file entry_20.pdb (PDB, C-alpha atoms)
ATOM      1  CA  PRO A1011      47.215-104.597  24.433
ATOM      2  CA  ALA A1012      45.881-108.137  23.928
ATOM      3  CA  LEU A1013      44.735-108.326  27.559
ATOM      4  CA  ARG A1014      43.036-104.961  27.287
ATOM      5  CA  VAL A1015      41.150-106.063  24.165
ATOM      6  CA  GLN A1016      40.032-109.225  25.945
ATOM      7  CA  ILE A1017      38.849-107.287  29.011
ATOM      8  CA  GLU A1018      37.115-104.670  26.873
ATOM      9  CA  ASP A1019      35.244-107.322  24.905
ATOM     10  CA  TYR A1020      34.080-109.062  28.068
ATOM     11  CA  VAL A1021      33.035-105.815  29.756
ATOM     12  CA  ARG A1022      30.945-104.843  26.735
ATOM     13  CA  LYS A1023      29.251-108.238  26.738
ATOM     14  CA  VAL A1024      28.404-108.002  30.437
ATOM     15  CA  ALA A1025      27.086-104.454  30.015
ATOM     16  CA  SER A1026      24.910-105.303  27.026
ATOM     17  CA  LYS A1027      23.755-108.866  27.693
ATOM     18  CA  ARG A1028      24.184-109.885  31.321
ATOM     19  CA  PRO A1029      21.183-109.173  33.585
ATOM     20  CA  THR A1030      22.257-106.929  36.429
ATOM     21  CA  ALA A1031      22.663-108.802  39.712
ATOM     22  CA  ILE A1032      21.190-105.891  41.681
ATOM     23  CA  PRO A1033      17.971-104.607  40.076
ATOM     24  CA  LEU A1034      18.443-101.129  38.641
ATOM     25  CA  LYS A1035      15.487 -99.822  40.654
ATOM     26  CA  ASP A1036      17.289-100.866  43.854
ATOM     27  CA  ILE A1037      20.604 -99.127  43.143
ATOM     28  CA  GLY A1038      19.643 -96.238  45.396
ATOM     29  CA  LYS A1039      19.292 -98.628  48.331
ATOM     30  CA  VAL A1040      22.778-100.065  47.798
ATOM     31  CA  LEU A1041      24.867 -96.922  47.216
ATOM     32  CA  PRO A1042      24.663 -95.190  50.641
ATOM     33  CA  GLY A1043      27.850 -95.716  52.646
ATOM     34  CA  THR A1044      29.749 -97.330  49.761
ATOM     35  CA  GLN A1045      32.962 -96.247  48.028
ATOM     36  CA  TRP A1046      33.901 -96.976  44.416
ATOM     37  CA  LYS A1047      37.068 -96.605  42.349
ATOM     38  CA  LEU A1048      37.173 -96.326  38.564
ATOM     39  CA  ILE A1049      39.393 -99.180  37.378
ATOM     40  CA  PHE A1050      38.685 -99.587  33.672
ATOM     41  CA  SER A1051      37.061 -97.922  30.670
ATOM     42  CA  THR A1052      36.409 -99.419  27.252
ATOM     43  CA  ALA A1053      37.459 -96.083  25.763
ATOM     44  CA  ALA A1054      40.961 -95.095  26.795
ATOM     45  CA  THR A1055      40.340 -91.475  25.900
ATOM     46  CA  ALA A1056      36.910 -91.343  27.465
ATOM     47  CA  GLY A1057      37.319 -92.692  30.975
ATOM     48  CA  ALA A1058      35.369 -90.709  33.502
ATOM     49  CA  ARG A1059      33.859 -87.458  32.338
ATOM     50  CA  ALA A1060      35.812 -85.365  34.821
ATOM     51  CA  MET A1061      39.170 -86.805  33.742
ATOM     52  CA  GLU A1062      39.157 -85.195  30.318
ATOM     53  CA  GLY A1063      42.237 -83.019  29.994
ATOM     54  CA  LEU A1064      43.672 -84.146  33.324
ATOM     55  CA  PRO A1065      47.070 -85.821  33.856
ATOM     56  CA  LYS A1066      47.262 -89.570  33.282
ATOM     57  CA  ASP A1067      47.927 -90.257  36.965
ATOM     58  CA  ALA A1068      44.470 -88.969  37.913
ATOM     59  CA  GLN A1069      42.209 -91.529  39.571
ATOM     60  CA  VAL A1070      38.474 -91.272  40.182
ATOM     61  CA  ARG A1071      36.662 -92.291  43.333
ATOM     62  CA  ILE A1072      33.003 -91.886  44.250
ATOM     63  CA  GLU A1073      32.169 -91.985  47.940
ATOM     64  CA  PHE A1074      28.538 -91.983  49.079
ATOM     65  CA  ALA A1075      27.510 -90.682  52.480
ATOM     66  CA  ALA A1076      25.789 -93.198  54.725
ATOM     67  CA  GLU A1077      22.700 -91.043  55.177
ATOM     68  CA  THR A1078      19.981 -91.000  52.532
ATOM     69  CA  ALA A1079      17.279 -88.472  51.808
ATOM     70  CA  ASP A1080      13.740 -88.766  50.519
ATOM     71  CA  THR A1081      13.714 -86.347  47.581
ATOM     72  CA  GLY A1082       9.988 -86.544  46.906
ATOM     73  CA  ASN A1083       7.967 -87.673  43.926
ATOM     74  CA  THR A1084      10.027 -88.742  40.954
ATOM     75  CA  GLY A1085       7.513 -87.451  38.488
ATOM     76  CA  ASN A1086       6.165 -90.811  37.348
ATOM     77  CA  THR A1087       2.468 -90.943  38.203
ATOM     78  CA  ASP A1088       2.106 -94.629  37.387
ATOM     79  CA  THR A1089       1.926 -95.853  40.979
ATOM     80  CA  ALA A1090       1.381 -99.407  39.838
ATOM     81  CA  THR A1091       4.810 -99.623  38.222
ATOM     82  CA  SER A1092       6.982 -97.248  40.235
ATOM     83  CA  SER A1093       7.671 -95.992  43.724
ATOM     84  CA  ASN A1094       6.554 -92.566  44.870
ATOM     85  CA  THR A1095       9.944 -91.264  45.932
ATOM     86  CA  ALA A1096      13.492 -91.007  44.658
ATOM     87  CA  VAL A1097      16.415 -91.949  46.875
ATOM     88  CA  GLY A1098      19.197 -89.414  47.190
ATOM     89  CA  GLY A1099      21.823 -87.935  49.431
ATOM     90  CA  GLN A1100      25.373 -86.612  49.403
ATOM     91  CA  LEU A1101      28.475 -87.920  47.664
ATOM     92  CA  ASP A1102      32.076 -86.914  47.114
ATOM     93  CA  TYR A1103      33.354 -87.145  43.534
ATOM     94  CA  ILE A1104      37.108 -87.350  44.050
ATOM     95  CA  LEU A1105      40.084 -86.943  41.747
ATOM     96  CA  GLU A1106      43.364 -88.201  43.233
ATOM     97  CA  PHE A1107      46.869 -87.899  41.834
ATOM     98  CA  SER A1108      49.709 -90.328  42.493
ATOM     99  CA  GLN A1109      52.202 -87.524  41.877
ATOM    100  CA  THR A1110      51.875 -83.874  42.701
ATOM    101  CA  THR A1111      50.589 -82.137  39.582
ATOM    102  CA  PHE A1112      51.062 -78.376  39.667
ATOM    103  CA  GLY A1113      50.775 -78.627  43.437
ATOM    104  CA  LEU A1114      47.552 -80.637  43.209
ATOM    105  CA  LYS A1115      47.141 -83.861  45.164
ATOM    106  CA  ARG A1116      43.423 -84.243  45.622
ATOM    107  CA  LEU A1117      40.260 -82.591  44.345
ATOM    108  CA  VAL A1118      36.859 -83.241  45.887
ATOM    109  CA  ALA A1119      33.557 -82.238  44.316
ATOM    110  CA  LYS A1120      31.045 -82.343  47.145
ATOM    111  CA  SER A1121      27.746 -83.150  45.488
ATOM    112  CA  SER A1122      24.098 -83.979  46.032
ATOM    113  CA  TYR A1123      22.613 -86.901  44.130
ATOM    114  CA  THR A1124      19.387 -88.695  43.306
ATOM    115  CA  VAL A1125      18.767 -92.149  41.867
ATOM    116  CA  ASP A1126      15.934 -92.817  39.409
ATOM    117  CA  ASP A1127      13.853 -95.738  40.675
ATOM    118  CA  THR A1128      11.117 -95.406  38.053
ATOM    119  CA  ASN A1129      10.601 -97.252  34.781
ATOM    120  CA  ILE A1130      11.856 -94.251  32.808
ATOM    121  CA  ASN A1131      15.599 -94.655  33.439
ATOM    122  CA  PRO A1132      16.052 -96.952  36.448
ATOM    123  CA  GLY A1133      19.469 -96.834  38.059
ATOM    124  CA  LEU A1134      20.361 -93.415  36.627
ATOM    125  CA  VAL A1135      22.413 -91.530  39.208
ATOM    126  CA  THR A1136      22.237 -87.753  38.803
ATOM    127  CA  PHE A1137      24.640 -85.669  40.864
ATOM    128  CA  VAL A1138      25.271 -81.938  41.024
ATOM    129  CA  TYR A1139      28.502 -80.316  42.196
ATOM    130  CA  ASP A1140      27.718 -78.223  45.288
ATOM    131  CA  ASP A1141      31.260 -77.256  46.231
ATOM    132  CA  ILE A1142      34.754 -77.853  44.828
ATOM    133  CA  VAL A1143      37.499 -78.392  47.391
ATOM    134  CA  THR A1144      41.186 -78.925  46.653
ATOM    135  CA  ASP A1145      44.623 -78.378  48.117
ATOM    136  CA  VAL A1146      46.246 -76.874  45.000
ATOM    137  CA  PHE A1147      48.689 -74.172  46.113
ATOM    138  CA  GLY A1148      46.932 -74.123  49.465
ATOM    139  CA  LEU A1149      43.661 -72.880  47.959
ATOM    140  CA  THR A1150      40.234 -74.305  48.728
ATOM    141  CA  ASN A1151      36.716 -73.864  47.366
ATOM    142  CA  LEU A1152      37.898 -72.970  43.861
ATOM    143  CA  GLY A1153      34.303 -72.953  42.635
ATOM    144  CA  VAL A1154      33.147 -72.526  39.065
ATOM    145  CA  GLY A1155      35.254 -73.620  36.133
ATOM    146  CA  PHE A1156      38.190 -75.404  37.747
ATOM    147  CA  PHE A1157      39.120 -78.299  35.452
ATOM    148  CA  GLY A1158      35.658 -77.968  33.952
ATOM    149  CA  MET A1159      33.970 -79.058  37.175
ATOM    150  CA  LEU A1160      31.180 -76.493  37.278
ATOM    151  CA  LYS A1161      29.299 -75.749  40.451
ATOM    152  CA  GLY A1162      25.639 -76.508  39.877
ATOM    153  CA  ARG A1163      26.344 -78.664  36.829
ATOM    154  CA  ALA A1164      24.387 -81.919  36.554
ATOM    155  CA  ASN A1165      26.350 -85.111  35.856
ATOM    156  CA  TYR A1166      25.070 -88.595  35.226
ATOM    157  CA  VAL A1167      26.033 -92.214  35.851
ATOM    158  CA  GLU A1168      23.853 -94.445  33.675
ATOM    159  CA  THR A1169      24.005 -97.772  35.460
ATOM    160  CA  VAL A1170      23.908-100.857  33.247
ATOM    161  CA  PHE A1171      25.172-103.466  35.720
ATOM    162  CA  MET A1172      25.888-103.776  39.434
ATOM    163  CA  ASP A1173      26.717-106.576  41.813
ATOM    164  CA  GLN A1174      28.473-106.594  45.189
ATOM    165  CA  ARG A1175      31.878-105.932  43.595
ATOM    166  CA  PHE A1176      31.436-104.141  40.280
ATOM    167  CA  TRP A1177      29.438-101.159  39.072
ATOM    168  CA  MET A1178      29.252-100.466  35.333
ATOM    169  CA  GLU A1179      28.045 -97.307  33.663
ATOM    170  CA  ARG A1180      27.398 -96.504  30.015
ATOM    171  CA  GLY A1181      28.459 -93.175  28.574
ATOM    172  CA  TYR A1182      28.949 -91.428  25.272
ATOM    173  CA  ALA A1183      32.208 -89.710  24.386
ATOM    174  CA  GLN A1184      32.179 -86.250  22.883
ATOM    175  CA  PRO A1185      32.035 -85.029  20.219
ATOM    176  CA  ASP A1186      31.279 -88.152  18.168
ATOM    177  CA  GLY A1187      28.960 -89.873  20.653
ATOM    178  CA  THR A1188      30.958 -93.125  20.767
ATOM    179  CA  GLU A1189      29.552 -95.429  23.446
ATOM    180  CA  PHE A1190      31.871 -96.547  26.234
ATOM    181  CA  VAL A1191      31.551 -98.464  29.497
ATOM    182  CA  ASN A1192      33.255 -97.519  32.754
ATOM    183  CA  VAL A1193      33.886-100.135  35.446
ATOM    184  CA  TYR A1194      34.064 -99.222  39.134
ATOM    185  CA  LEU A1195      35.343-101.564  41.840
ATOM    186  CA  ARG A1196      33.774-101.360  45.278
ATOM    187  CA  GLN A1197      36.315-100.480  47.944
ATOM    188  CA  GLY A1198      36.588-101.869  51.446
ATOM    189  CA  LEU A1199      35.506-105.443  50.704
ATOM    190  CA  VAL A1200      37.512-108.288  52.203
ATOM    191  CA  GLU A1201      38.278-109.685  48.762
ATOM    192  CA  GLU A1202      39.393-106.310  47.423
ATOM    193  CA  ALA A1203      42.716-106.367  45.549
ATOM    194  CA  PRO A1204      45.682-104.868  47.457
ATOM    195  CA  THR A1205      45.903-101.106  47.198
ATOM    196  CA  THR A1206      49.114-101.044  45.174
ATOM    197  CA  SER A1207      50.005 -99.521  41.834
ATOM    198  CA  GLN A1208      48.821-102.745  40.221
ATOM    199  CA  SER A1209      45.466-102.971  42.026
ATOM    200  CA  ALA A1210      43.458-101.656  39.081
ATOM    201  CA  ALA A1211      45.086-104.116  36.696
ATOM    202  CA  ALA A1212      44.483-106.964  39.129
ATOM    203  CA  ALA A1213      40.848-106.002  39.504
ATOM    204  CA  THR A1214      40.186-105.887  35.784
ATOM    205  CA  ARG A1215      41.933-109.218  35.303
ATOM    206  CA  SER A1216      39.564-110.710  37.856
ATOM    207  CA  ILE A1217      36.653-109.842  35.583
ATOM    208  CA  ILE A1218      37.970-112.469  33.181
ATOM    209  CA  THR A1219      39.746-114.965  35.425
ATOM    210  CA  SER A1220      37.090-115.270  38.132
ATOM    211  CA  SER A1221      34.346-117.831  37.798
ATOM    212  CA  ASP A1222      31.503-116.663  35.627
ATOM    213  CA  ASP A1223      29.258-117.456  38.578
ATOM    214  CA  GLN A1224      30.162-114.047  40.017
ATOM    215  CA  TRP A1225      27.789-112.482  37.478
ATOM    216  CA  GLU A1226      24.828-114.623  38.436
TER
END

call {"tool": "encode", "arguments": {"input": "entry_20.pdb", "output": "structure tokens"}}
result
Amino acid sequence: PALRVQIEDYVRKVASKRPTAIPLKDIGKVLPGTQWKLIFSTAATAGARAMEGLPKDAQVRIEFAAETADTGNTGNTDTATSSNTAVGGQLDYILEFSQTTFGLKRLVAKSSYTVDDTNINPGLVTFVYDDIVTDVFGLTNLGVGFFGMLKGRANYVETVFMDQRFWMERGYAQPDGTEFVNVYLRQGLVEEAPTTSQSAAAATRSIITSSDDQWE
């Protein structure tokens, strides 16, 4: 509990006060081809939006396709302060389970996404579930309503910080609107913590124990 409080306090400080290492307007250029794993949330009951009501062993991963798409004008007509296009593409929003839960091992929400690169809400990732695929009881393409993951529903990742290792988003828990911060760890890096049952704990510890220079 004491370690969690320490990590939570530091995460909140980084999210609210530390300038993001990668400019929010450039997030869309960084995401293609990357994979991220949710490792920590400042609100234990909030976590990722799709985990509400799911078993505790559920883990969230976001995997971005390498290809990007030009989605057209973002709607901001101030050409002096914004770009003319929004970056977007395809991603997989994945729920994984360490133990079989009612026959469920893995759920993938294949989605399309865009990233706001304007001055309105730079770094906001908007993604929409296009198809829900899972192996529960041998069924696939469960579609609308499964675990609340609605086909066609818009979801948001409000980026507040990103560097080469960590990605932080701000969210608001329902129904009271309590603010929380989720921390994702980039996967596939050489310095990534071992993929064991303790990898998430090791990664969050590194937020505190690593040199503060990592945030520069």

call {"tool": "residues_around", "arguments": {"input": "entry_20.pdb", "residues": "Lys1120 of chain A", "least_positions_apart": "5", "cutoff": "7 Å", "atoms": "only C-alpha atoms", "output": "list in words"}}
result
Leu1101, Asp1102, Tyr1103, Tyr1139, Asp1140, Asp1141 and Ile1142 of chain A

call {"tool": "resolve_selection", "arguments": {"input": "entry_20.pdb", "expression": "the PyMOL selection byres ((chain A and resi 1107) around 6)", "output": "list in words"}}
result
Asp1067, Ala1068, Glu1106, Ser1108, Gln1109 and Lys1115 of chain A

call {"tool": "residues_around", "arguments": {"input": "entry_20.pdb", "residues": "Glu1168 of chain A", "least_positions_apart": "6", "cutoff": "12 Å", "atoms": "all atoms listed in the file", "output": "list in words"}}
result
Ala1025, Leu1034, Ile1037, Val1125, Asp1126, Asn1131, Pro1132, Gly1133, Leu1134, Val1135, Thr1136, Phe1137, Trp1177, Met1178, Glu1179, Arg1180, Gly1181, Tyr1182, Glu1189, Phe1190, Val1191, Asn1192 and Val1193 of chain A

call {"tool": "resolve_selection", "arguments": {"input": "entry_20.pdb", "expression": "the PyMOL selection byres ((chain A and resi 1075) around 6)", "output": "PyMOL selection string"}}
result
chain A and resi 1042-1043+1074+1076-1077+1100-1101

call {"tool": "residues_around", "arguments": {"input": "entry_20.pdb", "residues": "Arg1196 of chain A", "least_positions_apart": "6", "cutoff": "9 Å", "atoms": "all atoms listed in the file", "output": "MDAnalysis selection string"}}
result
chainID A and resid 1044:1047 1174:1177 1202

call {"tool": "closest_residue", "arguments": {"input": "entry_20.pdb", "among": "A:Asn1129, A:Thr1188, A:Thr1144, A:Thr1124", "to": "Lys1039 of chain A", "atoms": "all atoms listed in the file"}}
result
A:Thr1124

call {"tool": "residues_near_point", "arguments": {"input": "entry_20.pdb", "point": "(24.5, -107.7, 29.4)", "cutoff": "12 Å", "atoms": "all atoms listed in the file", "output": "number ranges by chain"}}
result
A: 1019-1031, 1169-1172, 1178-1180, 1191, 1225-1226

call {"tool": "closest_residue", "arguments": {"input": "entry_20.pdb", "among": "A:Gln1016, A:Asp1173, A:Asp1127, A:Lys1035", "to": "Leu1195 of chain A", "atoms": "all atoms listed in the file"}}
result
A:Asp1173

call {"tool": "atom_distance", "arguments": {"input": "entry_20.pdb", "atom1": "atom CA of Gly1098 of chain A", "atom2": "atom CA of Ala1164 of chain A"}}
result
14.0 Å

call {"tool": "atom_distance", "arguments": {"input": "entry_20.pdb", "atom1": "atom CA of Gly1038 of chain A", "atom2": "atom CA of Thr1128 of chain A"}}
result
11.3 Å

call {"tool": "closest_residue", "arguments": {"input": "entry_20.pdb", "among": "A:Val1070, A:Ile1049, A:Ile1104, A:Val1097", "to": "Ile1017 of chain A", "atoms": "all atoms listed in the file"}}
result
A:Ile1049

call {"tool": "atom_distance", "arguments": {"input": "entry_20.pdb", "atom1": "atom CA of Val1143 of chain A", "atom2": "atom CA of Leu1199 of chain A"}}
result
27.3 Å
